[in-house]
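*Asks:* Handing you this structure, nothing more for now.
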Amino acid sequence: MPCRVISSRRHTVSGRSSAVTTVQHAREALGGRLREVRRSSGLTGRGLAERLGWPPSKVSKLENARQTPSAEDIRGWCAACGAEAETEGLLASLHTLESRHAEWRRMLQGGASGHQSEIATRDAKTRLFRAFETAAIPGLLQTAGYARARFAEGIAAHGLPNDIDAAVAGRLARQQILYDPSKRFHFVITEAVLRFQTCPPQVMLAQLDRLVAATTLPNVRLGVISFETTYVSTPWHGFWLLDEDLVMVETVSAELNLTQPQEIEVYGRVFASQAAVASYGSKARAIIMSVMEQLRAALPGEADGAEGEIGDQP
């Protein structure tokens, strides 16, 4: 169903992810190295394309980071340029790029349920989970109905195999770690997350009720940043921090995995600044329940029912 916002009093500004920029820089660096190899061989772009049997445009796209090379592209490039010694280094750069930028279609080609199993393996090794979300409920806090809507959206967008039932079951099974006393969870969400209607109202009501219950779990902190809050850091995009080892950023087309210490440190500071202005405990529950009341009031028949009760009074 179309996405709309109930009683939104302020719109969040969206911007380009710094993580996306980082991946693009890596792609540009790889393209620059390919160009250097070609020029060192004395070949023109057209000459290299003729040797490889490629259209000339492919050489230009690879060198200018408009296309990511395959491993076979790199091997052929280096062989045609007489630079086989450069092959392993370039393949290593490609591997780094691919591990940082995992396209959903490639990663989920076997179905979304398999990816849930992979995430569960990663979850088992993580002790501290920190998540900041600006548009969707964190997966570990989703109800079956809400998760089903999210998987259906992804399957439709990327033309993936339809294994929704197995994917939902996998996501719900992962949530058992919320009751593991050896793990700690700190979720921070914006009020917009509560108001975006990306599923039927009844499903969203159940999801909000689930969030209220999550605020009482002993090893879970759930913070909500209300629309009235003054932000210290602009909420450009959501992300997950797993221990001090990995930052995950989901975009429309890919999952970005950032492992550089300086990147993890930056995201750690951003998370701390968002967490510092969030409301917790009873204040967080009050925000969630206020949205629930407004959502219930907007349901068909609610207003008619209220008027009927008033009219029946003497």
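Following the order of the structure tokens, chains are lettered A, B, ..., residues in each are numbered from 1, and ligands are numbered from 1.
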Can you tell me which residues surround stretch 72-81 of chain A at a distance of at most 10 Å, considering only C-alpha atoms, apart from same-chain residues fewer than 4 positions away, and format the answer as a list in words?

*Replies:*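 After dropping sequence-adjacent residues, the list is Leu34, Val37, Arg38, Arg39, Ser40, Ser41, Gly42, Leu43, Gly47, Leu48, Ala49, Glu50, Arg51, Leu52, Val59, Leu62, Thr68, Ala85, Glu86, Thr87, Glu88, Leu90, Leu91 and Leu94 of chain A.
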
*Asks:* Could you give me, as JSON lines, every stretch 128-203 of chain A residue with an atom at most 12 Å from stretch 258-281 of chain A, plus its closest atom pair and distance in Å to one decimal, counting only C-alpha atoms, rows ordered by chain then number?

*Replies:*
{"residue": "A:Phe129", "atom": "CA", "partner": "A:Phe271", "partner_atom": "CA", "distance": 11.4}
{"residue": "A:Arg130", "atom": "CA", "partner": "A:Phe271", "partner_atom": "CA", "distance": 7.8}
{"residue": "A:Ala131", "atom": "CA", "partner": "A:Phe271", "partner_atom": "CA", "distance": 7.9}
{"residue": "A:Phe132", "atom": "CA", "partner": "A:Phe271", "partner_atom": "CA", "distance": 6.8}
{"residue": "A:Glu133", "atom": "CA", "partner": "A:Phe271", "partner_atom": "CA", "distance": 10.3}
{"residue": "A:Thr134", "atom": "CA", "partner": "A:Gln274", "partner_atom": "CA", "distance": 10.9}
{"residue": "A:His186", "atom": "CA", "partner": "A:Ala275", "partner_atom": "CA", "distance": 8.7}
{"residue": "A:Phe187", "atom": "CA", "partner": "A:Ala275", "partner_atom": "CA", "distance": 8.4}
{"residue": "A:Val188", "atom": "CA", "partner": "A:Ala275", "partner_atom": "CA", "distance": 6.2}
{"residue": "A:Ile189", "atom": "CA", "partner": "A:Ala278", "partner_atom": "CA", "distance": 8.2}
{"residue": "A:Thr190", "atom": "CA", "partner": "A:Ala278", "partner_atom": "CA", "distance": 8.4}
{"residue": "A:Glu191", "atom": "CA", "partner": "A:Ala278", "partner_atom": "CA", "distance": 9.9}

*Asks:* Generate the output file for the selected residues, N, CA and C atoms, as an mmCIF file, in the first residue's frame.

*Replies:*
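Output saved as out-v1.cif:
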data_model
loop_
_atom_site.group_PDB
_atom_site.id
_atom_site.type_symbol
_atom_site.label_atom_id
_atom_site.label_comp_id
_atom_site.auth_asym_id
_atom_site.auth_seq_id
_atom_site.Cartn_x
_atom_site.Cartn_y
_atom_site.Cartn_z
ATOM 1 N N PHE A 129 24.321 -4.765 20.425
ATOM 2 C CA PHE A 129 23.629 -4.335 19.218
ATOM 3 C C PHE A 129 23.155 -2.902 19.418
ATOM 4 N N ARG A 130 23.531 -2.019 18.511
ATOM 5 C CA ARG A 130 23.029 -0.648 18.533
ATOM 6 C C ARG A 130 22.411 -0.354 17.171
ATOM 7 N N ALA A 131 21.165 0.090 17.173
ATOM 8 C CA ALA A 131 20.468 0.339 15.912
ATOM 9 C C ALA A 131 19.790 1.699 15.955
ATOM 10 N N PHE A 132 19.962 2.462 14.892
ATOM 11 C CA PHE A 132 19.262 3.732 14.723
ATOM 12 C C PHE A 132 18.458 3.633 13.445
ATOM 13 N N GLU A 133 17.134 3.836 13.538
ATOM 14 C CA GLU A 133 16.278 3.714 12.370
ATOM 15 C C GLU A 133 15.432 4.970 12.194
ATOM 16 N N THR A 134 15.317 5.398 10.939
ATOM 17 C CA THR A 134 14.566 6.613 10.626
ATOM 18 C C THR A 134 13.287 6.333 9.838
ATOM 19 N N HIS A 186 20.352 -1.773 22.149
ATOM 20 C CA HIS A 186 20.001 -0.363 22.304
ATOM 21 C C HIS A 186 19.441 0.102 20.965
ATOM 22 N N PHE A 187 18.122 0.325 20.926
ATOM 23 C CA PHE A 187 17.450 0.773 19.713
ATOM 24 C C PHE A 187 17.043 2.235 19.875
ATOM 25 N N VAL A 188 17.270 3.021 18.851
ATOM 26 C CA VAL A 188 16.795 4.404 18.816
ATOM 27 C C VAL A 188 16.045 4.589 17.504
ATOM 28 N N ILE A 189 14.798 5.048 17.585
ATOM 29 C CA ILE A 189 13.997 5.268 16.386
ATOM 30 C C ILE A 189 13.411 6.673 16.423
ATOM 31 N N THR A 190 13.125 7.212 15.258
ATOM 32 C CA THR A 190 12.471 8.509 15.194
ATOM 33 C C THR A 190 10.958 8.309 15.286
ATOM 34 N N GLU A 191 10.249 9.359 15.649
ATOM 35 C CA GLU A 191 8.787 9.260 15.710
ATOM 36 C C GLU A 191 8.201 8.947 14.336
#

*Asks:* Just checking: using only C-alpha atoms, which residue out of A:Ala135, A:Leu178, A:Leu172, A:Leu97 ends up closest to A:Leu217?

*Replies:*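 Nearest to A:Leu217: A:Leu178.
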
*Asks:* Using only C-alpha atoms, pick whichever of A:Arg127, A:Arg150, A:Arg27, A:Arg33 has the shortest atom-to-atom distance to A:Leu241.

*Replies:*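 Checking each of A:Arg127, A:Arg150, A:Arg27, A:Arg33 against A:Leu241, counting only C-alpha atoms, the winner is A:Arg127.
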
*Asks:* Among the residues of stretch 198-240 of chain A, find those DSSP assigns to alpha helix (DSSP H) from the backbone and print them as a list of chain:residue names.

*Replies:* A:Pro201, A:Gln202, A:Val203, A:Met204, A:Leu205, A:Ala206, A:Gln207, A:Leu208, A:Asp209, A:Arg210, A:Leu211, A:Val212, A:Ala213, A:Ala214

*Asks:* Determine the nearest neighbour of A:Ser113 from the options A:Ile225, A:Ile155, A:Leu30, A:Cys199, counting only C-alpha atoms.

*Replies:*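 Checking each candidate against A:Ser113, we get A:Ile155 as the closest.
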
*Asks:* Measure the distance from atom CA of A:Glu153 to atom CA of A:Glu255 in Å and round it to one decimal.

*Replies:*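 Distance reported for this atom pair: 15.8 Å.
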
*Asks:* Excluding A:Ala173 and residues on its chain fewer than 2 positions from it, collect all residues at most 10 Å away from it, counting only C-alpha atoms, and give them as a list in words.

*Replies:*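 With the cut-off at 10 Å, the set is Gln116, Ser117, Ala120, Leu140, Ala167, Val168, Ala169, Gly170, Arg171, Gln175, Gln176 and Ile177 of chain A.
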
*Asks:* Atoms to include: all heavy atoms. Write the selected residues as a PDB file, in the first residue's frame.

*Replies:*
ATOM      1  N   GLN A 116      18.295 -14.499   6.262  1.00  0.00           N
ATOM      2  CA  GLN A 116      17.982 -14.460   7.688  1.00  0.00           C
ATOM      3  C   GLN A 116      18.853 -15.442   8.468  1.00  0.00           C
ATOM      4  O   GLN A 116      19.291 -15.162   9.583  1.00  0.00           O
ATOM      5  CB  GLN A 116      16.499 -14.772   7.913  1.00  0.00           C
ATOM      6  CG  GLN A 116      15.559 -13.669   7.461  1.00  0.00           C
ATOM      7  CD  GLN A 116      15.815 -12.356   8.175  1.00  0.00           C
ATOM      8  OE1 GLN A 116      15.736 -12.268   9.398  1.00  0.00           O
ATOM      9  NE2 GLN A 116      16.127 -11.321   7.407  1.00  0.00           N
ATOM     10  N   SER A 117      19.137 -16.598   7.869  1.00  0.00           N
ATOM     11  CA  SER A 117      20.017 -17.583   8.519  1.00  0.00           C
ATOM     12  C   SER A 117      21.436 -17.039   8.652  1.00  0.00           C
ATOM     13  O   SER A 117      22.100 -17.235   9.677  1.00  0.00           O
ATOM     14  CB  SER A 117      20.024 -18.889   7.720  1.00  0.00           C
ATOM     15  OG  SER A 117      18.737 -19.459   7.666  1.00  0.00           O
ATOM     16  N   ALA A 120      21.482 -14.566  11.441  1.00  0.00           N
ATOM     17  CA  ALA A 120      21.405 -15.252  12.731  1.00  0.00           C
ATOM     18  C   ALA A 120      22.787 -15.713  13.177  1.00  0.00           C
ATOM     19  O   ALA A 120      23.133 -15.644  14.369  1.00  0.00           O
ATOM     20  CB  ALA A 120      20.447 -16.429  12.650  1.00  0.00           C
ATOM     21  N   LEU A 140      14.613  -6.910  14.656  1.00  0.00           N
ATOM     22  CA  LEU A 140      14.512  -7.710  15.876  1.00  0.00           C
ATOM     23  C   LEU A 140      13.285  -7.353  16.715  1.00  0.00           C
ATOM     24  O   LEU A 140      12.958  -8.067  17.659  1.00  0.00           O
ATOM     25  CB  LEU A 140      15.779  -7.544  16.721  1.00  0.00           C
ATOM     26  CG  LEU A 140      17.035  -8.219  16.167  1.00  0.00           C
ATOM     27  CD1 LEU A 140      18.244  -7.910  17.057  1.00  0.00           C
ATOM     28  CD2 LEU A 140      16.830  -9.733  16.060  1.00  0.00           C
ATOM     29  N   ALA A 167      10.951 -16.608   5.359  1.00  0.00           N
ATOM     30  CA  ALA A 167      11.706 -15.428   5.768  1.00  0.00           C
ATOM     31  C   ALA A 167      11.154 -14.846   7.066  1.00  0.00           C
ATOM     32  O   ALA A 167      11.900 -14.476   7.973  1.00  0.00           O
ATOM     33  CB  ALA A 167      11.677 -14.373   4.663  1.00  0.00           C
ATOM     34  N   VAL A 168       9.820 -14.756   7.160  1.00  0.00           N
ATOM     35  CA  VAL A 168       9.191 -14.249   8.381  1.00  0.00           C
ATOM     36  C   VAL A 168       9.516 -15.159   9.555  1.00  0.00           C
ATOM     37  O   VAL A 168       9.860 -14.694  10.656  1.00  0.00           O
ATOM     38  CB  VAL A 168       7.663 -14.119   8.202  1.00  0.00           C
ATOM     39  CG1 VAL A 168       6.986 -13.809   9.542  1.00  0.00           C
ATOM     40  CG2 VAL A 168       7.336 -13.019   7.190  1.00  0.00           C
ATOM     41  N   ALA A 169       9.421 -16.473   9.333  1.00  0.00           N
ATOM     42  CA  ALA A 169       9.738 -17.426  10.401  1.00  0.00           C
ATOM     43  C   ALA A 169      11.185 -17.267  10.852  1.00  0.00           C
ATOM     44  O   ALA A 169      11.493 -17.322  12.053  1.00  0.00           O
ATOM     45  CB  ALA A 169       9.490 -18.853   9.914  1.00  0.00           C
ATOM     46  N   GLY A 170      12.095 -17.027   9.894  1.00  0.00           N
ATOM     47  CA  GLY A 170      13.495 -16.834  10.243  1.00  0.00           C
ATOM     48  C   GLY A 170      13.723 -15.576  11.051  1.00  0.00           C
ATOM     49  O   GLY A 170      14.498 -15.572  12.013  1.00  0.00           O
ATOM     50  N   ARG A 171      13.024 -14.495  10.681  1.00  0.00           N
ATOM     51  CA  ARG A 171      13.180 -13.246  11.435  1.00  0.00           C
ATOM     52  C   ARG A 171      12.631 -13.392  12.858  1.00  0.00           C
ATOM     53  O   ARG A 171      13.236 -12.920  13.815  1.00  0.00           O
ATOM     54  CB  ARG A 171      12.476 -12.099  10.711  1.00  0.00           C
ATOM     55  CG  ARG A 171      12.505 -10.772  11.447  1.00  0.00           C
ATOM     56  CD  ARG A 171      12.281  -9.595  10.532  1.00  0.00           C
ATOM     57  NE  ARG A 171      13.432  -9.390   9.654  1.00  0.00           N
ATOM     58  CZ  ARG A 171      13.486  -8.460   8.703  1.00  0.00           C
ATOM     59  NH1 ARG A 171      12.451  -7.646   8.503  1.00  0.00           N
ATOM     60  NH2 ARG A 171      14.561  -8.332   7.951  1.00  0.00           N
ATOM     61  N   GLN A 175      14.614 -13.362  16.884  1.00  0.00           N
ATOM     62  CA  GLN A 175      14.245 -12.500  18.009  1.00  0.00           C
ATOM     63  C   GLN A 175      14.408 -13.176  19.363  1.00  0.00           C
ATOM     64  O   GLN A 175      14.347 -12.499  20.399  1.00  0.00           O
ATOM     65  CB  GLN A 175      12.808 -12.004  17.819  1.00  0.00           C
ATOM     66  CG  GLN A 175      12.649 -11.093  16.612  1.00  0.00           C
ATOM     67  CD  GLN A 175      11.211 -10.661  16.389  1.00  0.00           C
ATOM     68  OE1 GLN A 175      10.316 -10.983  17.168  1.00  0.00           O
ATOM     69  NE2 GLN A 175      10.971  -9.932  15.312  1.00  0.00           N
ATOM     70  N   GLN A 176      14.648 -14.459  19.382  1.00  0.00           N
ATOM     71  CA  GLN A 176      14.883 -15.147  20.655  1.00  0.00           C
ATOM     72  C   GLN A 176      16.120 -14.615  21.358  1.00  0.00           C
ATOM     73  O   GLN A 176      16.242 -14.720  22.582  1.00  0.00           O
ATOM     74  CB  GLN A 176      15.009 -16.654  20.414  1.00  0.00           C
ATOM     75  CG  GLN A 176      13.707 -17.312  19.963  1.00  0.00           C
ATOM     76  CD  GLN A 176      12.574 -17.092  20.963  1.00  0.00           C
ATOM     77  OE1 GLN A 176      12.737 -17.335  22.167  1.00  0.00           O
ATOM     78  NE2 GLN A 176      11.441 -16.624  20.472  1.00  0.00           N
ATOM     79  N   ILE A 177      17.043 -14.023  20.598  1.00  0.00           N
ATOM     80  CA  ILE A 177      18.257 -13.496  21.228  1.00  0.00           C
ATOM     81  C   ILE A 177      17.957 -12.299  22.131  1.00  0.00           C
ATOM     82  O   ILE A 177      18.784 -11.934  22.972  1.00  0.00           O
ATOM     83  CB  ILE A 177      19.337 -13.116  20.195  1.00  0.00           C
ATOM     84  CG1 ILE A 177      18.857 -11.975  19.287  1.00  0.00           C
ATOM     85  CG2 ILE A 177      19.749 -14.312  19.369  1.00  0.00           C
ATOM     86  CD1 ILE A 177      19.955 -11.435  18.390  1.00  0.00           C
TER      87      ILE A 177
END

*Asks:* Quick one: of A:Gln67, A:Thr215, A:Thr96, A:Ser57, who's nearest to A:Leu256, counting only C-alpha atoms?

*Replies:*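 That would be A:Thr96, the residue with the smallest distance to A:Leu256.
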
*Asks:* Please identify all polymer residues within 9 Å of A:Arg66, counting only C-alpha atoms, omitting same-chain residues fewer than 3 positions from it, and present them as a list in words.

*Replies:* Arg27, Glu28, Gly31, Ser60, Lys61, Leu62 and Glu63 of chain A

*Asks:* May I have all residues of stretch 135-246 of chain A that DSSP, computed from the backbone, assigns to strand (DSSP E or B), given as a PDB file with N, CA, C and O atoms, in the first residue's frame?

*Replies:*
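Result went into states_7.pdb, see below:
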ATOM      1  N   ARG A 184      23.199  -7.315  24.826  1.00  0.00           N
ATOM      2  CA  ARG A 184      22.564  -6.033  25.121  1.00  0.00           C
ATOM      3  C   ARG A 184      22.115  -5.371  23.825  1.00  0.00           C
ATOM      4  O   ARG A 184      22.808  -5.453  22.803  1.00  0.00           O
ATOM      5  N   PHE A 185      20.949  -4.723  23.907  1.00  0.00           N
ATOM      6  CA  PHE A 185      20.353  -4.111  22.720  1.00  0.00           C
ATOM      7  C   PHE A 185      19.970  -2.665  23.036  1.00  0.00           C
ATOM      8  O   PHE A 185      19.345  -2.390  24.057  1.00  0.00           O
ATOM      9  N   HIS A 186      20.352  -1.773  22.149  1.00  0.00           N
ATOM     10  CA  HIS A 186      20.001  -0.363  22.304  1.00  0.00           C
ATOM     11  C   HIS A 186      19.441   0.102  20.965  1.00  0.00           C
ATOM     12  O   HIS A 186      20.169   0.218  19.976  1.00  0.00           O
ATOM     13  N   PHE A 187      18.122   0.325  20.926  1.00  0.00           N
ATOM     14  CA  PHE A 187      17.450   0.773  19.713  1.00  0.00           C
ATOM     15  C   PHE A 187      17.043   2.235  19.875  1.00  0.00           C
ATOM     16  O   PHE A 187      16.500   2.622  20.911  1.00  0.00           O
ATOM     17  N   VAL A 188      17.270   3.021  18.851  1.00  0.00           N
ATOM     18  CA  VAL A 188      16.795   4.404  18.816  1.00  0.00           C
ATOM     19  C   VAL A 188      16.045   4.589  17.504  1.00  0.00           C
ATOM     20  O   VAL A 188      16.584   4.296  16.427  1.00  0.00           O
ATOM     21  N   ILE A 189      14.798   5.048  17.585  1.00  0.00           N
ATOM     22  CA  ILE A 189      13.997   5.268  16.386  1.00  0.00           C
ATOM     23  C   ILE A 189      13.411   6.673  16.423  1.00  0.00           C
ATOM     24  O   ILE A 189      13.235   7.262  17.494  1.00  0.00           O
ATOM     25  N   THR A 190      13.125   7.212  15.258  1.00  0.00           N
ATOM     26  CA  THR A 190      12.471   8.509  15.194  1.00  0.00           C
ATOM     27  C   THR A 190      10.958   8.309  15.286  1.00  0.00           C
ATOM     28  O   THR A 190      10.444   7.226  14.996  1.00  0.00           O
ATOM     29  N   PHE A 196       4.881   6.260   9.804  1.00  0.00           N
ATOM     30  CA  PHE A 196       4.830   5.800   8.417  1.00  0.00           C
ATOM     31  C   PHE A 196       3.941   4.573   8.329  1.00  0.00           C
ATOM     32  O   PHE A 196       4.173   3.574   9.005  1.00  0.00           O
ATOM     33  N   GLN A 197       2.926   4.630   7.468  1.00  0.00           N
ATOM     34  CA  GLN A 197       2.026   3.491   7.307  1.00  0.00           C
ATOM     35  C   GLN A 197       2.436   2.703   6.074  1.00  0.00           C
ATOM     36  O   GLN A 197       1.961   2.950   4.974  1.00  0.00           O
ATOM     37  N   VAL A 220      17.077  -4.590  27.009  1.00  0.00           N
ATOM     38  CA  VAL A 220      16.743  -3.795  25.826  1.00  0.00           C
ATOM     39  C   VAL A 220      16.471  -2.351  26.234  1.00  0.00           C
ATOM     40  O   VAL A 220      15.706  -2.094  27.171  1.00  0.00           O
ATOM     41  N   ARG A 221      17.115  -1.416  25.541  1.00  0.00           N
ATOM     42  CA  ARG A 221      16.791   0.009  25.676  1.00  0.00           C
ATOM     43  C   ARG A 221      16.178   0.457  24.365  1.00  0.00           C
ATOM     44  O   ARG A 221      16.756   0.258  23.296  1.00  0.00           O
ATOM     45  N   LEU A 222      14.989   1.034  24.451  1.00  0.00           N
ATOM     46  CA  LEU A 222      14.313   1.538  23.259  1.00  0.00           C
ATOM     47  C   LEU A 222      14.056   3.024  23.443  1.00  0.00           C
ATOM     48  O   LEU A 222      13.282   3.419  24.316  1.00  0.00           O
ATOM     49  N   GLY A 223      14.711   3.825  22.620  1.00  0.00           N
ATOM     50  CA  GLY A 223      14.527   5.265  22.674  1.00  0.00           C
ATOM     51  C   GLY A 223      13.750   5.758  21.471  1.00  0.00           C
ATOM     52  O   GLY A 223      13.919   5.247  20.360  1.00  0.00           O
ATOM     53  N   VAL A 224      12.885   6.741  21.696  1.00  0.00           N
ATOM     54  CA  VAL A 224      12.100   7.349  20.622  1.00  0.00           C
ATOM     55  C   VAL A 224      12.413   8.842  20.588  1.00  0.00           C
ATOM     56  O   VAL A 224      12.338   9.517  21.616  1.00  0.00           O
ATOM     57  N   ILE A 225      12.770   9.343  19.431  1.00  0.00           N
ATOM     58  CA  ILE A 225      13.034  10.773  19.267  1.00  0.00           C
ATOM     59  C   ILE A 225      11.764  11.417  18.717  1.00  0.00           C
ATOM     60  O   ILE A 225      11.367  11.168  17.580  1.00  0.00           O
ATOM     61  N   PHE A 239      21.137   2.908  10.559  1.00  0.00           N
ATOM     62  CA  PHE A 239      22.320   2.040  10.533  1.00  0.00           C
ATOM     63  C   PHE A 239      22.337   1.170  11.777  1.00  0.00           C
ATOM     64  O   PHE A 239      21.647   1.443  12.759  1.00  0.00           O
ATOM     65  N   TRP A 240      23.138   0.108  11.707  1.00  0.00           N
ATOM     66  CA  TRP A 240      23.337  -0.803  12.836  1.00  0.00           C
ATOM     67  C   TRP A 240      24.824  -0.853  13.179  1.00  0.00           C
ATOM     68  O   TRP A 240      25.667  -0.897  12.275  1.00  0.00           O
ATOM     69  N   LEU A 241      25.120  -0.866  14.451  1.00  0.00           N
ATOM     70  CA  LEU A 241      26.477  -1.060  14.948  1.00  0.00           C
ATOM     71  C   LEU A 241      26.511  -2.390  15.697  1.00  0.00           C
ATOM     72  O   LEU A 241      25.769  -2.582  16.658  1.00  0.00           O
ATOM     73  N   LEU A 242      27.364  -3.309  15.258  1.00  0.00           N
ATOM     74  CA  LEU A 242      27.511  -4.599  15.919  1.00  0.00           C
ATOM     75  C   LEU A 242      28.837  -4.616  16.663  1.00  0.00           C
ATOM     76  O   LEU A 242      29.907  -4.597  16.034  1.00  0.00           O
ATOM     77  N   LEU A 246      31.575  -3.708  13.220  1.00  0.00           N
ATOM     78  CA  LEU A 246      30.893  -3.585  11.933  1.00  0.00           C
ATOM     79  C   LEU A 246      29.770  -2.561  12.004  1.00  0.00           C
ATOM     80  O   LEU A 246      29.040  -2.485  12.987  1.00  0.00           O
TER      81      LEU A 246
END

*Asks:* Can you tell me how far atom CA of A:Met204 sits from atom CA of A:Pro181, in Å to one decimal?

*Replies:* 28.4 Å

*Asks:* Please provide as a list in words all residues within 9 Å of A:Val212, with the sequence filter that same-chain residues fewer than 5 positions apart are discarded (counting only C-alpha atoms).

*Replies:*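 Near A:Val212, the qualifying residues are Gln207, Ala284, Arg285, Ile288 and Met289 of chain A.
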